[in-house]
Structure formats: structure tokens, C-alpha cells
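Novice: Sharing a structure with you now.
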Amino acid sequence: MESAETLDSTEINWFRRGIAAGIPIAFGYMPVAVTFGLLAGATGLSGIEAVLMSMLVFAGAAQYMALSMMALGSGAAEIITATFILNFRHLLMSASIRERAESGSKLNRALYGFLLTDEVFAVSSTSEAPIRTHYITGVGMIAYGSWVGFTGIGYFAGSFLPELLTESMAIALYALFIALLIPSVKKEGKVVIRLAFLGAVFNAVFQLWLSTGWSLMSATILAVIVYEGIDQKVIRRRKT
Amino acid sequence: MNMTMLGIIIGMGIVTYIPRLLPLLTLQTENWPGWSRRMLARVPYAVLGALIFPGILYIHDSIWFGIAGGAAAVCLAYLGAPLIAVVGGSIIFLAVIQLVV
């Protein structure tokens, strides 16, 4: 069956699967983007500026941070530097996905790289290796569409969701991460639990001293190093 | 449009894109030693743990709100519900809790 398909239809197929897998992200971004649009208006950005920021930056936490820095009167250089520091963590995620994804063309990689938020990374990278380029692109595109679209809606239409729902929707992205983690735990067992546990504990500790981006990145690096160390020790002990 | 604002937005876009893009274009991990490739492959699970905790505790004034929502998500995911159902179910669960409590 597979061989009967042309290359193009396989690619479209993976792209569609990516879109479907990304719908929960689109859903989870909705309240965050609407609130960003609202806040951008309150901070004094024009509608075009708010939407343009979502289109060109596509990084929730950094965009919120930029608004609060603008409100405090920070300069351009300060805001851009802080954004770089906050988003530097994606270097690690990008490297991890490079290891597990099919190679694909440079252009395709450059495209999905632009879309690689925490959530897009989490959804794409929990699928089986080799991860398809068009799958990642699909996941990223629907997330991006939601982020940009709901920024505009938030700015121009204001919050259309009842407060009860907005408060409850704060769980959405966390529920998504949990929903990604549990099936991996079922499938691969203790490896996944241990890694997630180490990541969570280190992050909780690092957050006491470090800003969000650095804490997340240091916790992840330390978790995989510690896990590898323990793993090697156990293997060595079994051998002797 | 305000030129300073445009500059900030474009600058933010560039410094966000660079770390997302560079490893994808420059790394060739095929010949890297085994341990480093294993570590890279394990990043997603460690990241997921760090993305969930402790952030989930701070979505509301009361930490129990996040814990309850998280517990609902764990149950739904454990029962094999699709992603969107886990997300939707947790939201509904918290909305109901807010109505009741």
C-alpha cells in the first residue's frame, strides 16, 4: 500500500496527521493568546503591532514579558536581550528534535524551526522516531494559526469567554503535557517516569534562583545527565 | 506604525528564531557518541516533567486547583482518552469544581 502512494501524498498525509495532533495545542493557546491581545491593547500597542508580534515572535512567555517591560518603560535592547535569554532554551529542544527527526530538506527544517515552541516540541517529539518533517510542520502550523488568530480576536473583540471558563482553561496546556507523558509512561515504563520526575524536581529547585527559561533548560540538561549516569552505573554493576 | 515598536518586534523575532533554527541546520548527530545521542533522545521526557512542575501549582491562587486539574488529566490519560479529550475533560472538571465549591 505504502509504495503505491506517491511521495507527495505521503507528505500531505503526515502534514494532516500533524494538524490533527496539534489541535489540542491550538485549543490550549486560545485563552493565552486572547489574553495577550487584550493586554497588548491595554499596554498601548496597535492591533497591527500586537498581531505582528504574534506572527514574528511566536513565543508566549516572551511576548507577555515584553508587554510588562514596555509598561515599565524598558528600552528596545533590554527587551530583545531578555527575549533571547528566555527563549535560548529552545536550542536544546531543537537539538533533540534534530536527533530524532528524519533529515528532510534544509528549507523544511528552517520552516518548522520557526514554529518550535515548547508545546509544538512536546507534541512532535513524543511521536515515534524518525519523526516526519511534515508532521512537525503540521503540528506547528495549527498552533501558529491559533496563536496569531486569537491574538487578533483578543485585541479587537476582547475576551469572549466567560470568566469561569478562562480560569479553568489555565489547566489546558498542563493537561496537554500530562496527556503526552502518560502514554509514554505506559509504553516505555520507568525510563519516562524517572526522567520526568528528575526534570520536575530540578526545575522546582532551580526556579528558586533562576528565571523560567534558564531553570527549564538547566533542569532538563541535569536530568538527562543524572539519568545517563545512573543508567551507566547500573549497567556496569550488572556486568561485574 | 511606531518604528521603535517595529524594531523591538523584529528583534524579538530574530533572537527567538536563532536558537530554534541553529541546531536544526548545523548539527549532524549521526556520528556523535552513543551517550550524547541517548541524552538528546531523552530530552522530551525531562522537558515534559519540567514543563508540568512546578508551573501547574501556580495557575490559580490555590495550588489545589492545579493539583485537581492535573489529577483529572492523569486519570483521563491513563484511561486512554485522546489528547483533546484529556484537555477538554480537565477544563470541564475544573469548571464544575468552581461551580460547586
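Letters for chains follow the order of the C-alpha cells (A, B, ...), residue numbers begin at 1 for each chain, and ligand numbers begin at 1 in the order shown.
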Mind the document's chain letters and residue numbers, and return as a VMD selection string the residues of chain B that DSSP labels helix (DSSP H, G or I).

Specialist: chain B and resid 3 to 26 29 to 31 34 to 52 55 to 58 63 to 78 83 to 100

Novice: What lies within 7 Å of stretch 200-208 of chain A using only C-alpha atoms, ignoring chain neighbours under 6 positions off, as a ChimeraX atom specification?

Specialist: /A:215-216,219 /B:49-50,53-54

Novice: Under the rule of at most 7 Å, produce a per-residue listing of chain B near chain A: chain, number, name, the closest pair of atoms, and the distance in Å, as a Markdown table, using only C-alpha atoms.

Specialist:
| residue | atom | partner | partner_atom | distance |
| --- | --- | --- | --- | --- |
| B:Ile8 | CA | A:Ala76 | CA | 5.4 |
| B:Ile9 | CA | A:Met53 | CA | 5.5 |
| B:Ile10 | CA | A:Leu56 | CA | 6.9 |
| B:Gly11 | CA | A:Ile80 | CA | 6.0 |
| B:Met12 | CA | A:Ile80 | CA | 5.1 |
| B:Gly13 | CA | A:Val57 | CA | 4.1 |
| B:Val15 | CA | A:Phe84 | CA | 5.1 |
| B:Thr16 | CA | A:Asn87 | CA | 5.8 |
| B:Tyr17 | CA | A:Phe114 | CA | 5.8 |
| B:Pro19 | CA | A:Leu91 | CA | 4.5 |
| B:Arg20 | CA | A:Gly113 | CA | 5.3 |
| B:Leu21 | CA | A:Gly113 | CA | 5.0 |
| B:Pro23 | CA | A:Ala95 | CA | 5.0 |
| B:Leu24 | CA | A:Arg98 | CA | 5.5 |
| B:Leu25 | CA | A:Lys106 | CA | 6.7 |
| B:Thr29 | CA | A:Glu99 | CA | 6.0 |
| B:Arg37 | CA | A:Glu99 | CA | 7.0 |
| B:Met39 | CA | A:Val224 | CA | 5.5 |
| B:Leu40 | CA | A:Ser96 | CA | 4.7 |
| B:Ala41 | CA | A:Ser96 | CA | 5.9 |
| B:Arg42 | CA | A:Val224 | CA | 6.4 |
| B:Val43 | CA | A:Ser96 | CA | 6.4 |
| B:Pro44 | CA | A:Ser125 | CA | 6.3 |
| B:Tyr45 | CA | A:Ala196 | CA | 5.3 |
| B:Ala46 | CA | A:Ala196 | CA | 4.5 |
| B:Val47 | CA | A:Thr220 | CA | 5.6 |
| B:Leu48 | CA | A:Phe177 | CA | 6.2 |
| B:Gly49 | CA | A:Ala196 | CA | 3.9 |
| B:Ala50 | CA | A:Ala200 | CA | 4.1 |
| B:Ile52 | CA | A:Tyr174 | CA | 5.8 |
| B:Phe53 | CA | A:Ala200 | CA | 5.0 |
| B:Pro54 | CA | A:Ala204 | CA | 5.5 |
| B:Ile56 | CA | A:Tyr174 | CA | 6.4 |
| B:Ile59 | CA | A:Ala170 | CA | 6.0 |
| B:Gly66 | CA | A:Ile171 | CA | 6.8 |
| B:Gly69 | CA | A:Ile171 | CA | 6.4 |
| B:Gly70 | CA | A:Ala175 | CA | 6.3 |
| B:Ala73 | CA | A:Ala175 | CA | 5.3 |
| B:Val74 | CA | A:Ile178 | CA | 6.3 |
| B:Ala77 | CA | A:Ala179 | CA | 5.2 |
| B:Tyr78 | CA | A:Ile182 | CA | 6.3 |
| B:Leu83 | CA | A:Ala179 | CA | 5.7 |
| B:Ile84 | CA | A:Pro24 | CA | 5.0 |
| B:Val86 | CA | A:Ala179 | CA | 6.3 |
| B:Val87 | CA | A:Ala175 | CA | 5.2 |
| B:Ser90 | CA | A:Ala175 | CA | 6.7 |
| B:Ile91 | CA | A:Ser168 | CA | 5.1 |
| B:Leu94 | CA | A:Ser168 | CA | 5.4 |
| B:Ala95 | CA | A:Ser168 | CA | 5.5 |

Novice: For a test of reading the model, state the distance in Å between atom CA of A:Ile142 and atom CA of B:Ala85, rounded to one decimal.

Specialist: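 Answer for the atom CA of A:Ile142 to atom CA of B:Ala85 separation: 17.6 Å.
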
Novice: Would you mind telling me which residue in A:Met65, A:Pro31, A:Asp231, A:His134 lies nearest to A:Ser146 when using only C-alpha atoms?

Specialist: A:Pro31

Novice: Just the number, please: distance in Å from atom CA of A:Ala42 to atom CA of A:Gly60, one decimal.

Specialist: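 Calculated distance between atom CA of A:Ala42 and atom CA of A:Gly60 is 16.9 Å.
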
Novice: For atom CA of B:His60 and atom CA of A:Val32, determine how far apart the two atoms are, in Å to one decimal place.

Specialist: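 So the two atoms, atom CA of B:His60 and atom CA of A:Val32, lie 14.4 Å apart.
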